[in-house]
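Visitor: Here you go, this is entry.txt (compact mmCIF, N, CA and C atoms).
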```
# COMPACT_ATOMS: atom_id res chain seq x y z
N GLN A 1 -21.79 19.00 -3.56
CA GLN A 1 -21.17 20.21 -3.03
C GLN A 1 -19.87 20.48 -3.75
N VAL A 2 -19.61 21.74 -4.02
CA VAL A 2 -18.36 22.13 -4.65
C VAL A 2 -17.73 23.24 -3.82
N GLN A 3 -16.41 23.28 -3.83
CA GLN A 3 -15.68 24.36 -3.20
C GLN A 3 -15.22 25.32 -4.29
N LEU A 4 -15.38 26.60 -4.06
CA LEU A 4 -15.12 27.62 -5.09
C LEU A 4 -14.08 28.62 -4.62
N VAL A 5 -13.17 28.96 -5.52
CA VAL A 5 -12.15 29.97 -5.24
C VAL A 5 -12.18 31.00 -6.37
N ASP A 6 -12.52 32.24 -5.99
CA ASP A 6 -12.58 33.34 -6.96
C ASP A 6 -11.22 34.02 -7.06
N SER A 7 -10.92 34.52 -8.27
CA SER A 7 -9.69 35.28 -8.44
C SER A 7 -9.83 36.20 -9.65
N GLY A 8 -8.85 37.10 -9.81
CA GLY A 8 -8.80 37.94 -11.00
C GLY A 8 -9.23 39.39 -10.79
N GLY A 9 -9.68 39.72 -9.60
CA GLY A 9 -10.08 41.09 -9.35
C GLY A 9 -8.88 42.03 -9.30
N GLY A 10 -9.18 43.33 -9.24
CA GLY A 10 -8.11 44.31 -9.16
C GLY A 10 -8.63 45.72 -9.40
N LEU A 11 -7.70 46.62 -9.62
CA LEU A 11 -8.01 48.02 -9.87
C LEU A 11 -7.83 48.30 -11.36
N VAL A 12 -8.82 48.89 -11.98
CA VAL A 12 -8.78 49.19 -13.41
C VAL A 12 -9.45 50.53 -13.66
N GLN A 13 -9.00 51.22 -14.68
CA GLN A 13 -9.62 52.49 -15.05
C GLN A 13 -10.92 52.25 -15.81
N ALA A 14 -11.80 53.22 -15.73
CA ALA A 14 -13.06 53.13 -16.47
C ALA A 14 -12.78 52.90 -17.95
N GLY A 15 -13.56 52.01 -18.54
CA GLY A 15 -13.36 51.63 -19.93
C GLY A 15 -12.46 50.42 -20.11
N GLY A 16 -11.80 50.02 -19.04
CA GLY A 16 -10.89 48.88 -19.12
C GLY A 16 -11.60 47.55 -18.98
N SER A 17 -10.78 46.49 -18.91
CA SER A 17 -11.31 45.12 -18.85
C SER A 17 -10.63 44.33 -17.75
N LEU A 18 -11.35 43.35 -17.25
CA LEU A 18 -10.82 42.37 -16.31
C LEU A 18 -11.49 41.04 -16.61
N ARG A 19 -10.79 39.96 -16.29
CA ARG A 19 -11.40 38.64 -16.38
C ARG A 19 -11.31 37.96 -15.03
N LEU A 20 -12.46 37.64 -14.48
CA LEU A 20 -12.51 36.90 -13.23
C LEU A 20 -12.56 35.41 -13.51
N SER A 21 -11.96 34.65 -12.61
CA SER A 21 -11.99 33.20 -12.71
C SER A 21 -12.54 32.62 -11.42
N CYS A 22 -13.15 31.48 -11.56
CA CYS A 22 -13.66 30.75 -10.40
C CYS A 22 -13.28 29.29 -10.58
N ALA A 23 -12.43 28.80 -9.70
CA ALA A 23 -11.99 27.41 -9.76
C ALA A 23 -12.81 26.57 -8.80
N ALA A 24 -13.35 25.48 -9.31
CA ALA A 24 -14.20 24.61 -8.50
C ALA A 24 -13.52 23.27 -8.27
N SER A 25 -13.68 22.77 -7.08
CA SER A 25 -13.20 21.42 -6.78
C SER A 25 -14.40 20.52 -6.54
N GLY A 26 -14.25 19.26 -6.88
CA GLY A 26 -15.38 18.35 -6.74
C GLY A 26 -15.75 17.77 -8.08
N ARG A 27 -16.24 16.55 -8.09
CA ARG A 27 -16.52 15.84 -9.32
C ARG A 27 -17.82 16.27 -9.98
N SER A 28 -18.67 16.99 -9.24
CA SER A 28 -20.01 17.26 -9.75
C SER A 28 -20.14 18.65 -10.37
N PHE A 29 -19.01 19.26 -10.72
CA PHE A 29 -19.05 20.63 -11.23
C PHE A 29 -19.99 20.77 -12.41
N SER A 30 -19.93 19.84 -13.34
CA SER A 30 -20.73 19.95 -14.57
C SER A 30 -22.23 19.77 -14.32
N SER A 31 -22.61 19.39 -13.13
CA SER A 31 -24.04 19.25 -12.81
C SER A 31 -24.57 20.47 -12.07
N HIS A 32 -23.79 21.56 -12.04
CA HIS A 32 -24.19 22.78 -11.35
C HIS A 32 -24.37 23.93 -12.33
N THR A 33 -25.43 24.66 -12.15
CA THR A 33 -25.54 25.98 -12.77
C THR A 33 -24.62 26.91 -12.00
N MET A 34 -23.89 27.74 -12.73
CA MET A 34 -22.93 28.65 -12.09
C MET A 34 -23.37 30.10 -12.29
N GLY A 35 -23.18 30.87 -11.25
CA GLY A 35 -23.56 32.27 -11.32
C GLY A 35 -22.49 33.19 -10.78
N TRP A 36 -22.55 34.43 -11.17
CA TRP A 36 -21.72 35.50 -10.61
C TRP A 36 -22.65 36.54 -10.00
N PHE A 37 -22.31 36.95 -8.79
CA PHE A 37 -23.02 38.01 -8.09
C PHE A 37 -22.00 39.06 -7.66
N ARG A 38 -22.49 40.22 -7.26
CA ARG A 38 -21.58 41.24 -6.75
C ARG A 38 -22.26 42.00 -5.62
N GLN A 39 -21.44 42.57 -4.76
CA GLN A 39 -21.96 43.33 -3.63
C GLN A 39 -21.09 44.54 -3.40
N ALA A 40 -21.70 45.71 -3.53
CA ALA A 40 -21.01 46.97 -3.26
C ALA A 40 -21.25 47.35 -1.80
N PRO A 41 -20.39 48.18 -1.23
CA PRO A 41 -20.55 48.58 0.18
C PRO A 41 -21.92 49.20 0.43
N GLY A 42 -22.60 48.71 1.47
CA GLY A 42 -23.89 49.25 1.84
C GLY A 42 -25.04 48.80 0.97
N LYS A 43 -24.78 47.89 0.04
CA LYS A 43 -25.83 47.43 -0.86
C LYS A 43 -26.03 45.93 -0.74
N GLU A 44 -27.18 45.45 -1.21
CA GLU A 44 -27.44 44.02 -1.20
C GLU A 44 -26.67 43.32 -2.31
N ARG A 45 -26.51 42.02 -2.14
CA ARG A 45 -25.85 41.23 -3.18
C ARG A 45 -26.73 41.25 -4.43
N GLU A 46 -26.08 41.46 -5.57
CA GLU A 46 -26.78 41.69 -6.83
C GLU A 46 -26.38 40.63 -7.87
N PHE A 47 -27.37 40.10 -8.57
CA PHE A 47 -27.11 39.14 -9.64
C PHE A 47 -26.37 39.82 -10.79
N VAL A 48 -25.41 39.09 -11.37
CA VAL A 48 -24.67 39.60 -12.53
C VAL A 48 -24.93 38.72 -13.76
N ALA A 49 -24.67 37.42 -13.63
CA ALA A 49 -24.83 36.52 -14.77
C ALA A 49 -24.89 35.08 -14.29
N HIS A 50 -25.49 34.21 -15.09
CA HIS A 50 -25.39 32.78 -14.82
C HIS A 50 -25.27 32.01 -16.12
N ILE A 51 -24.82 30.77 -15.99
CA ILE A 51 -24.61 29.91 -17.14
C ILE A 51 -25.08 28.51 -16.77
N ASP A 52 -25.73 27.83 -17.75
CA ASP A 52 -26.28 26.53 -17.42
C ASP A 52 -25.19 25.47 -17.37
N ARG A 53 -25.60 24.25 -17.05
CA ARG A 53 -24.64 23.18 -16.77
C ARG A 53 -23.71 22.88 -17.94
N ALA A 54 -24.26 22.88 -19.14
CA ALA A 54 -23.45 22.55 -20.31
C ALA A 54 -22.73 23.76 -20.88
N GLY A 55 -23.10 24.93 -20.42
CA GLY A 55 -22.48 26.15 -20.94
C GLY A 55 -23.14 26.69 -22.19
N GLY A 56 -24.30 26.15 -22.53
CA GLY A 56 -24.94 26.57 -23.76
C GLY A 56 -25.92 27.72 -23.63
N ARG A 57 -26.30 28.03 -22.39
CA ARG A 57 -27.28 29.09 -22.19
C ARG A 57 -26.79 30.02 -21.08
N THR A 58 -26.84 31.30 -21.36
CA THR A 58 -26.40 32.31 -20.40
C THR A 58 -27.50 33.34 -20.18
N TYR A 59 -27.37 34.06 -19.07
CA TYR A 59 -28.36 35.08 -18.74
C TYR A 59 -27.66 36.18 -17.97
N TYR A 60 -28.00 37.44 -18.27
CA TYR A 60 -27.30 38.58 -17.70
C TYR A 60 -28.28 39.59 -17.10
N SER A 61 -27.79 40.31 -16.12
CA SER A 61 -28.57 41.45 -15.63
C SER A 61 -28.52 42.55 -16.68
N ASP A 62 -29.50 43.40 -16.67
CA ASP A 62 -29.56 44.48 -17.66
C ASP A 62 -28.36 45.42 -17.52
N SER A 63 -27.85 45.55 -16.30
CA SER A 63 -26.76 46.50 -16.06
C SER A 63 -25.43 46.06 -16.69
N VAL A 64 -25.28 44.77 -17.00
CA VAL A 64 -24.01 44.30 -17.56
C VAL A 64 -24.16 43.70 -18.96
N LYS A 65 -25.39 43.54 -19.41
CA LYS A 65 -25.63 42.92 -20.71
C LYS A 65 -24.90 43.70 -21.81
N GLY A 66 -24.19 42.96 -22.66
CA GLY A 66 -23.45 43.59 -23.73
C GLY A 66 -22.03 43.97 -23.36
N ARG A 67 -21.71 43.96 -22.06
CA ARG A 67 -20.36 44.30 -21.60
C ARG A 67 -19.65 43.12 -20.96
N PHE A 68 -20.40 42.27 -20.29
CA PHE A 68 -19.83 41.12 -19.58
C PHE A 68 -20.19 39.83 -20.31
N THR A 69 -19.30 38.84 -20.20
CA THR A 69 -19.55 37.52 -20.78
C THR A 69 -19.17 36.45 -19.78
N ILE A 70 -20.12 35.56 -19.49
CA ILE A 70 -19.84 34.43 -18.61
C ILE A 70 -19.59 33.21 -19.48
N SER A 71 -18.63 32.39 -19.05
CA SER A 71 -18.32 31.16 -19.77
C SER A 71 -17.81 30.13 -18.78
N ARG A 72 -17.74 28.87 -19.23
CA ARG A 72 -17.25 27.82 -18.34
C ARG A 72 -16.48 26.79 -19.14
N ASP A 73 -15.58 26.12 -18.46
CA ASP A 73 -14.81 25.03 -19.04
C ASP A 73 -15.00 23.84 -18.10
N ASN A 74 -15.90 22.94 -18.45
CA ASN A 74 -16.20 21.83 -17.55
C ASN A 74 -15.04 20.84 -17.43
N ALA A 75 -14.19 20.78 -18.43
CA ALA A 75 -13.03 19.88 -18.36
C ALA A 75 -12.02 20.36 -17.33
N LYS A 76 -12.00 21.68 -17.09
CA LYS A 76 -11.04 22.26 -16.15
C LYS A 76 -11.68 22.75 -14.86
N ASN A 77 -12.99 22.56 -14.74
CA ASN A 77 -13.73 23.02 -13.56
C ASN A 77 -13.55 24.52 -13.32
N LEU A 78 -13.70 25.29 -14.38
CA LEU A 78 -13.51 26.73 -14.29
C LEU A 78 -14.71 27.48 -14.85
N VAL A 79 -15.00 28.61 -14.22
CA VAL A 79 -15.99 29.56 -14.72
C VAL A 79 -15.31 30.92 -14.84
N TYR A 80 -15.65 31.65 -15.89
CA TYR A 80 -15.03 32.94 -16.13
C TYR A 80 -16.09 34.03 -16.23
N LEU A 81 -15.68 35.24 -15.90
CA LEU A 81 -16.50 36.41 -16.16
C LEU A 81 -15.60 37.45 -16.82
N GLN A 82 -15.76 37.60 -18.12
CA GLN A 82 -15.02 38.61 -18.87
C GLN A 82 -15.78 39.92 -18.77
N MET A 83 -15.12 40.94 -18.26
CA MET A 83 -15.78 42.23 -18.03
C MET A 83 -15.09 43.29 -18.88
N ASN A 84 -15.82 43.86 -19.81
CA ASN A 84 -15.30 44.91 -20.69
C ASN A 84 -16.05 46.21 -20.45
N SER A 85 -15.48 47.29 -20.92
CA SER A 85 -16.10 48.61 -20.80
C SER A 85 -16.55 48.88 -19.37
N LEU A 86 -15.65 48.63 -18.44
CA LEU A 86 -16.00 48.75 -17.03
C LEU A 86 -16.31 50.19 -16.64
N LYS A 87 -17.23 50.31 -15.70
CA LYS A 87 -17.69 51.61 -15.21
C LYS A 87 -17.44 51.69 -13.71
N PRO A 88 -17.33 52.88 -13.16
CA PRO A 88 -17.15 53.00 -11.70
C PRO A 88 -18.27 52.30 -10.91
N GLU A 89 -19.46 52.27 -11.45
CA GLU A 89 -20.58 51.60 -10.74
C GLU A 89 -20.46 50.08 -10.75
N ASP A 90 -19.49 49.53 -11.45
CA ASP A 90 -19.22 48.10 -11.40
C ASP A 90 -18.35 47.73 -10.19
N THR A 91 -17.86 48.73 -9.48
CA THR A 91 -17.04 48.47 -8.31
C THR A 91 -17.81 47.69 -7.26
N ALA A 92 -17.25 46.55 -6.84
CA ALA A 92 -17.92 45.66 -5.89
C ALA A 92 -17.01 44.47 -5.60
N VAL A 93 -17.41 43.69 -4.62
CA VAL A 93 -16.82 42.37 -4.44
C VAL A 93 -17.65 41.40 -5.27
N TYR A 94 -16.97 40.63 -6.10
CA TYR A 94 -17.63 39.69 -7.00
C TYR A 94 -17.49 38.27 -6.46
N TYR A 95 -18.60 37.54 -6.47
CA TYR A 95 -18.66 36.18 -5.95
C TYR A 95 -19.16 35.23 -7.03
N CYS A 96 -18.51 34.08 -7.15
CA CYS A 96 -19.12 33.04 -7.97
C CYS A 96 -19.89 32.11 -7.05
N ALA A 97 -20.87 31.45 -7.62
CA ALA A 97 -21.76 30.60 -6.84
C ALA A 97 -22.19 29.41 -7.68
N ALA A 98 -22.50 28.31 -7.00
CA ALA A 98 -22.90 27.08 -7.67
C ALA A 98 -24.25 26.61 -7.15
N SER A 99 -25.11 26.19 -8.07
CA SER A 99 -26.42 25.66 -7.70
C SER A 99 -26.60 24.27 -8.28
N SER A 100 -26.99 23.33 -7.44
CA SER A 100 -27.27 21.97 -7.91
C SER A 100 -28.73 21.78 -8.31
N LEU A 101 -29.53 22.84 -8.17
CA LEU A 101 -30.95 22.75 -8.50
C LEU A 101 -31.15 22.88 -10.00
N TYR A 102 -32.31 22.41 -10.45
CA TYR A 102 -32.63 22.54 -11.87
C TYR A 102 -33.89 23.38 -12.04
N SER A 103 -33.86 24.26 -13.03
CA SER A 103 -35.06 24.98 -13.45
C SER A 103 -34.88 25.39 -14.89
N SER A 104 -35.93 25.32 -15.67
CA SER A 104 -35.89 25.78 -17.06
C SER A 104 -36.11 27.28 -17.14
N ASN A 105 -36.45 27.88 -16.00
CA ASN A 105 -36.72 29.32 -15.94
C ASN A 105 -35.44 30.05 -15.59
N SER A 106 -34.89 30.80 -16.50
CA SER A 106 -33.63 31.51 -16.27
C SER A 106 -33.72 32.47 -15.10
N TYR A 107 -34.90 33.06 -14.89
CA TYR A 107 -35.06 34.03 -13.82
C TYR A 107 -34.86 33.40 -12.44
N PHE A 108 -35.11 32.10 -12.34
CA PHE A 108 -34.94 31.38 -11.07
C PHE A 108 -33.54 31.56 -10.52
N PHE A 109 -32.55 31.59 -11.38
CA PHE A 109 -31.16 31.64 -10.93
C PHE A 109 -30.64 33.07 -10.79
N THR A 110 -31.50 34.05 -10.85
CA THR A 110 -31.07 35.42 -10.60
C THR A 110 -31.14 35.78 -9.12
N SER A 111 -31.71 34.90 -8.33
CA SER A 111 -31.75 35.08 -6.88
C SER A 111 -30.59 34.31 -6.24
N PRO A 112 -30.05 34.80 -5.12
CA PRO A 112 -28.98 34.06 -4.43
C PRO A 112 -29.49 32.75 -3.81
N LEU A 113 -30.80 32.64 -3.60
CA LEU A 113 -31.34 31.51 -2.84
C LEU A 113 -31.06 30.13 -3.42
N PRO A 114 -31.08 29.91 -4.74
CA PRO A 114 -30.82 28.56 -5.25
C PRO A 114 -29.37 28.11 -5.13
N TYR A 115 -28.48 29.00 -4.80
CA TYR A 115 -27.06 28.69 -4.78
C TYR A 115 -26.62 28.23 -3.39
N GLY A 116 -26.04 27.04 -3.34
CA GLY A 116 -25.64 26.48 -2.06
C GLY A 116 -24.17 26.64 -1.75
N ASP A 117 -23.38 26.96 -2.77
CA ASP A 117 -21.93 27.08 -2.56
C ASP A 117 -21.45 28.41 -3.13
N TRP A 118 -20.56 29.07 -2.38
CA TRP A 118 -20.09 30.40 -2.76
C TRP A 118 -18.57 30.48 -2.64
N GLY A 119 -17.99 31.27 -3.54
CA GLY A 119 -16.58 31.60 -3.41
C GLY A 119 -16.38 32.67 -2.34
N GLN A 120 -15.12 32.98 -2.07
CA GLN A 120 -14.79 33.93 -1.02
C GLN A 120 -14.91 35.37 -1.49
N GLY A 121 -15.01 35.58 -2.78
CA GLY A 121 -15.14 36.92 -3.33
C GLY A 121 -13.81 37.50 -3.78
N THR A 122 -13.88 38.35 -4.79
CA THR A 122 -12.69 39.05 -5.30
C THR A 122 -13.09 40.50 -5.59
N GLN A 123 -12.26 41.44 -5.11
CA GLN A 123 -12.59 42.86 -5.21
C GLN A 123 -12.29 43.40 -6.61
N VAL A 124 -13.26 44.10 -7.16
CA VAL A 124 -13.08 44.82 -8.42
C VAL A 124 -13.32 46.29 -8.14
N THR A 125 -12.34 47.11 -8.47
CA THR A 125 -12.45 48.55 -8.28
C THR A 125 -12.20 49.25 -9.60
N VAL A 126 -13.15 50.07 -10.02
CA VAL A 126 -13.05 50.79 -11.28
C VAL A 126 -12.95 52.28 -10.97
N SER A 127 -11.84 52.89 -11.39
CA SER A 127 -11.62 54.30 -11.11
C SER A 127 -11.94 55.14 -12.34
N LEU A 128 -12.21 56.42 -12.10
CA LEU A 128 -12.51 57.34 -13.21
C LEU A 128 -11.26 57.63 -14.01
```
Produce structure tokens that represent the structure in this file.
Guide:
Amino acid sequence: QVQLVDSGGGLVQAGGSLRLSCAASGRSFSSHTMGWFRQAPGKEREFVAHIDRAGGRTYYSDSVKGRFTISRDNAKNLVYLQMNSLKPEDTAVYYCAASSLYSSNSYFFTSPLPYGDWGQGTQVTVSL
């Protein structure tokens, strides 16, 4: 089990950038696949990106591919989400999540179900 604290959200104009951070506590951080999800008002939680345990393989939703980059620093127990070319439709509360499960299928980690630990969320608002 890991405890997660999300940060880095804020208000930004369309076309701008933000970097979200997720700090994890616990010795087993490097044995978890890490993901970012988001939830806009009135909508279901949506997959954004995930990264494997070693940080060598990443996977993105089509809506953010080419604009967002997920990365991790296992020495510092940190996960990042660099968000560029932000659009108003990116407005949401963003959550990082940790999964201790293993699968070679990247699609497996696009669902919230494999993730047992979640951050508290950080608000991202993109204005026109």
Visitor: Using all atoms listed in the file, collect all residues at a distance of at most 8 Å from (-14.6, 25.7, -13.7) as written in the file, then present them as JSON, numbers by chain.
Guide: {"A": [21, 22, 23, 24, 25, 29, 30, 71, 72, 73, 74, 75, 76, 77, 78, 79, 80]}
Visitor: Extract, using only C-alpha atoms, all DNA, RNA and protein residues at most 10 Å from A:Ile51, discarding same-chain residues fewer than 2 positions from it, and format them as number ranges by chain.
Guide: A: 32-36, 49, 53-60, 69-72, 79, 106, 109
Visitor: Mind listing the strand (DSSP E or B) residues of chain A, per DSSP on the backbone, as a VMD selection string?
Guide: chain A and resid 3 to 7 10 to 13 18 to 25 33 to 39 46 to 51 58 to 60 68 to 73 78 to 83 92 to 99 117 to 118 122 to 127
Visitor: Go through A:Val126, A:Gln39, A:Gln1, A:Ser31 and flag the residue nearest A:Lys87, using all atoms listed in the file for the distances.
Guide: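 Result for the nearest residue to A:Lys87: A:Val126.
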Visitor: Any chance you could work out the axis-aligned box around stretch 90-99 of chain A, listed atoms only, 5 Å on each side, giving centre and edge lengths in Å to one decimal, as lines of an AutoDock Vina configuration file?
Guide:
```
center_x = -21.7
center_y = 36.9
center_z = -7.9
size_x = 19.8
size_y = 35.3
size_z = 17.0
```
Visitor: Separation of atom N of A:Glu89 and atom C of A:Gln3, in Å?
Guide: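 Separation of atom N of A:Glu89 and atom C of A:Gln3: 28.2 Å.
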Visitor: Using all atoms listed in the file, find the one residue out of A:Ser17, A:Ser7, A:Pro88, A:Ser99 that sits nearest to A:Gln120.
Guide: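 Closest to A:Gln120 of all the choices is A:Ser7.
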Visitor: Select, from A:Ser127, A:Ser111, A:Thr91, A:Thr122, the residue with the minimum atom-to-atom distance to A:Arg45, counting only C-alpha atoms.
Guide: A:Ser111
Visitor: Can you tell me how far atom CA of A:Ser63 sits from atom C of A:Asp90, in Å to one decimal?
Guide: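 The value is 10.3 Å.
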Visitor: List as a ChimeraX atom specification: which residues have an atom within 8 Å of (-10.1, 51.9, -18.8), counting all atoms listed in the file?
Guide: /A:12-17,85-87,127-128
Visitor: Write the selection just made, keeping N, CA and C atoms, as an mmCIF file, in the coordinates of the input?
Guide:
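Full text of result.cif as output:
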```cif
data_model
loop_
_atom_site.group_PDB
_atom_site.id
_atom_site.type_symbol
_atom_site.label_atom_id
_atom_site.label_comp_id
_atom_site.auth_asym_id
_atom_site.auth_seq_id
_atom_site.Cartn_x
_atom_site.Cartn_y
_atom_site.Cartn_z
ATOM 1 N N VAL A 12 -8.820 48.890 -11.980
ATOM 2 C CA VAL A 12 -8.780 49.190 -13.410
ATOM 3 C C VAL A 12 -9.450 50.530 -13.660
ATOM 4 N N GLN A 13 -9.000 51.220 -14.680
ATOM 5 C CA GLN A 13 -9.620 52.490 -15.050
ATOM 6 C C GLN A 13 -10.920 52.250 -15.810
ATOM 7 N N ALA A 14 -11.800 53.220 -15.730
ATOM 8 C CA ALA A 14 -13.060 53.130 -16.470
ATOM 9 C C ALA A 14 -12.780 52.900 -17.950
ATOM 10 N N GLY A 15 -13.560 52.010 -18.540
ATOM 11 C CA GLY A 15 -13.360 51.630 -19.930
ATOM 12 C C GLY A 15 -12.460 50.420 -20.110
ATOM 13 N N GLY A 16 -11.800 50.020 -19.040
ATOM 14 C CA GLY A 16 -10.890 48.880 -19.120
ATOM 15 C C GLY A 16 -11.600 47.550 -18.980
ATOM 16 N N SER A 17 -10.780 46.490 -18.910
ATOM 17 C CA SER A 17 -11.310 45.120 -18.850
ATOM 18 C C SER A 17 -10.630 44.330 -17.750
ATOM 19 N N SER A 85 -15.480 47.290 -20.920
ATOM 20 C CA SER A 85 -16.100 48.610 -20.800
ATOM 21 C C SER A 85 -16.550 48.880 -19.370
ATOM 22 N N LEU A 86 -15.650 48.630 -18.440
ATOM 23 C CA LEU A 86 -16.000 48.750 -17.030
ATOM 24 C C LEU A 86 -16.310 50.190 -16.640
ATOM 25 N N LYS A 87 -17.230 50.310 -15.700
ATOM 26 C CA LYS A 87 -17.690 51.610 -15.210
ATOM 27 C C LYS A 87 -17.440 51.690 -13.710
ATOM 28 N N SER A 127 -11.840 52.890 -11.390
ATOM 29 C CA SER A 127 -11.620 54.300 -11.110
ATOM 30 C C SER A 127 -11.940 55.140 -12.340
ATOM 31 N N LEU A 128 -12.210 56.420 -12.100
ATOM 32 C CA LEU A 128 -12.510 57.340 -13.210
ATOM 33 C C LEU A 128 -11.260 57.630 -14.010
#
```
Visitor: Missing atoms in stretch 15-22 of chain A: can you complete it with all heavy atoms, as a short mmCIF file (atom, residue, chain, number, x, y, z; two decimals), in the frame of the given file?
Guide:
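Contents of the output file rebuild38.cif:
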```
data_model
loop_
_atom_site.label_atom_id
_atom_site.label_comp_id
_atom_site.auth_asym_id
_atom_site.auth_seq_id
_atom_site.Cartn_x
_atom_site.Cartn_y
_atom_site.Cartn_z
N GLY A 15 -13.56 52.01 -18.54
CA GLY A 15 -13.36 51.63 -19.93
C GLY A 15 -12.46 50.42 -20.11
O GLY A 15 -12.37 49.87 -21.22
N GLY A 16 -11.80 50.02 -19.04
CA GLY A 16 -10.89 48.88 -19.12
C GLY A 16 -11.60 47.55 -18.98
O GLY A 16 -12.83 47.48 -18.92
N SER A 17 -10.78 46.49 -18.91
CA SER A 17 -11.31 45.12 -18.85
C SER A 17 -10.63 44.33 -17.75
O SER A 17 -9.48 44.60 -17.38
CB SER A 17 -11.07 44.42 -20.19
OG SER A 17 -11.74 45.07 -21.25
N LEU A 18 -11.35 43.35 -17.25
CA LEU A 18 -10.82 42.37 -16.31
C LEU A 18 -11.49 41.04 -16.61
O LEU A 18 -12.63 41.00 -17.10
CB LEU A 18 -11.13 42.75 -14.86
CG LEU A 18 -10.27 43.78 -14.15
CD1 LEU A 18 -10.84 44.08 -12.77
CD2 LEU A 18 -8.83 43.32 -14.04
N ARG A 19 -10.79 39.96 -16.29
CA ARG A 19 -11.40 38.64 -16.38
C ARG A 19 -11.31 37.96 -15.03
O ARG A 19 -10.21 37.74 -14.52
CB ARG A 19 -10.74 37.76 -17.44
CG ARG A 19 -11.51 36.45 -17.65
CD ARG A 19 -10.96 35.59 -18.75
NE ARG A 19 -9.81 34.79 -18.32
CZ ARG A 19 -9.41 33.69 -18.93
NH1 ARG A 19 -10.08 33.24 -20.00
NH2 ARG A 19 -8.33 33.04 -18.50
N LEU A 20 -12.46 37.64 -14.48
CA LEU A 20 -12.51 36.90 -13.23
C LEU A 20 -12.56 35.41 -13.51
O LEU A 20 -13.14 34.98 -14.51
CB LEU A 20 -13.75 37.31 -12.42
CG LEU A 20 -13.92 38.80 -12.14
CD1 LEU A 20 -15.15 39.01 -11.26
CD2 LEU A 20 -12.68 39.41 -11.52
N SER A 21 -11.96 34.65 -12.61
CA SER A 21 -11.99 33.20 -12.71
C SER A 21 -12.54 32.62 -11.42
O SER A 21 -12.39 33.20 -10.34
CB SER A 21 -10.59 32.64 -12.95
OG SER A 21 -10.05 33.12 -14.16
N CYS A 22 -13.15 31.48 -11.56
CA CYS A 22 -13.66 30.75 -10.40
C CYS A 22 -13.28 29.29 -10.58
O CYS A 22 -13.73 28.64 -11.54
CB CYS A 22 -15.17 30.91 -10.30
SG CYS A 22 -15.95 29.92 -9.01
#
```
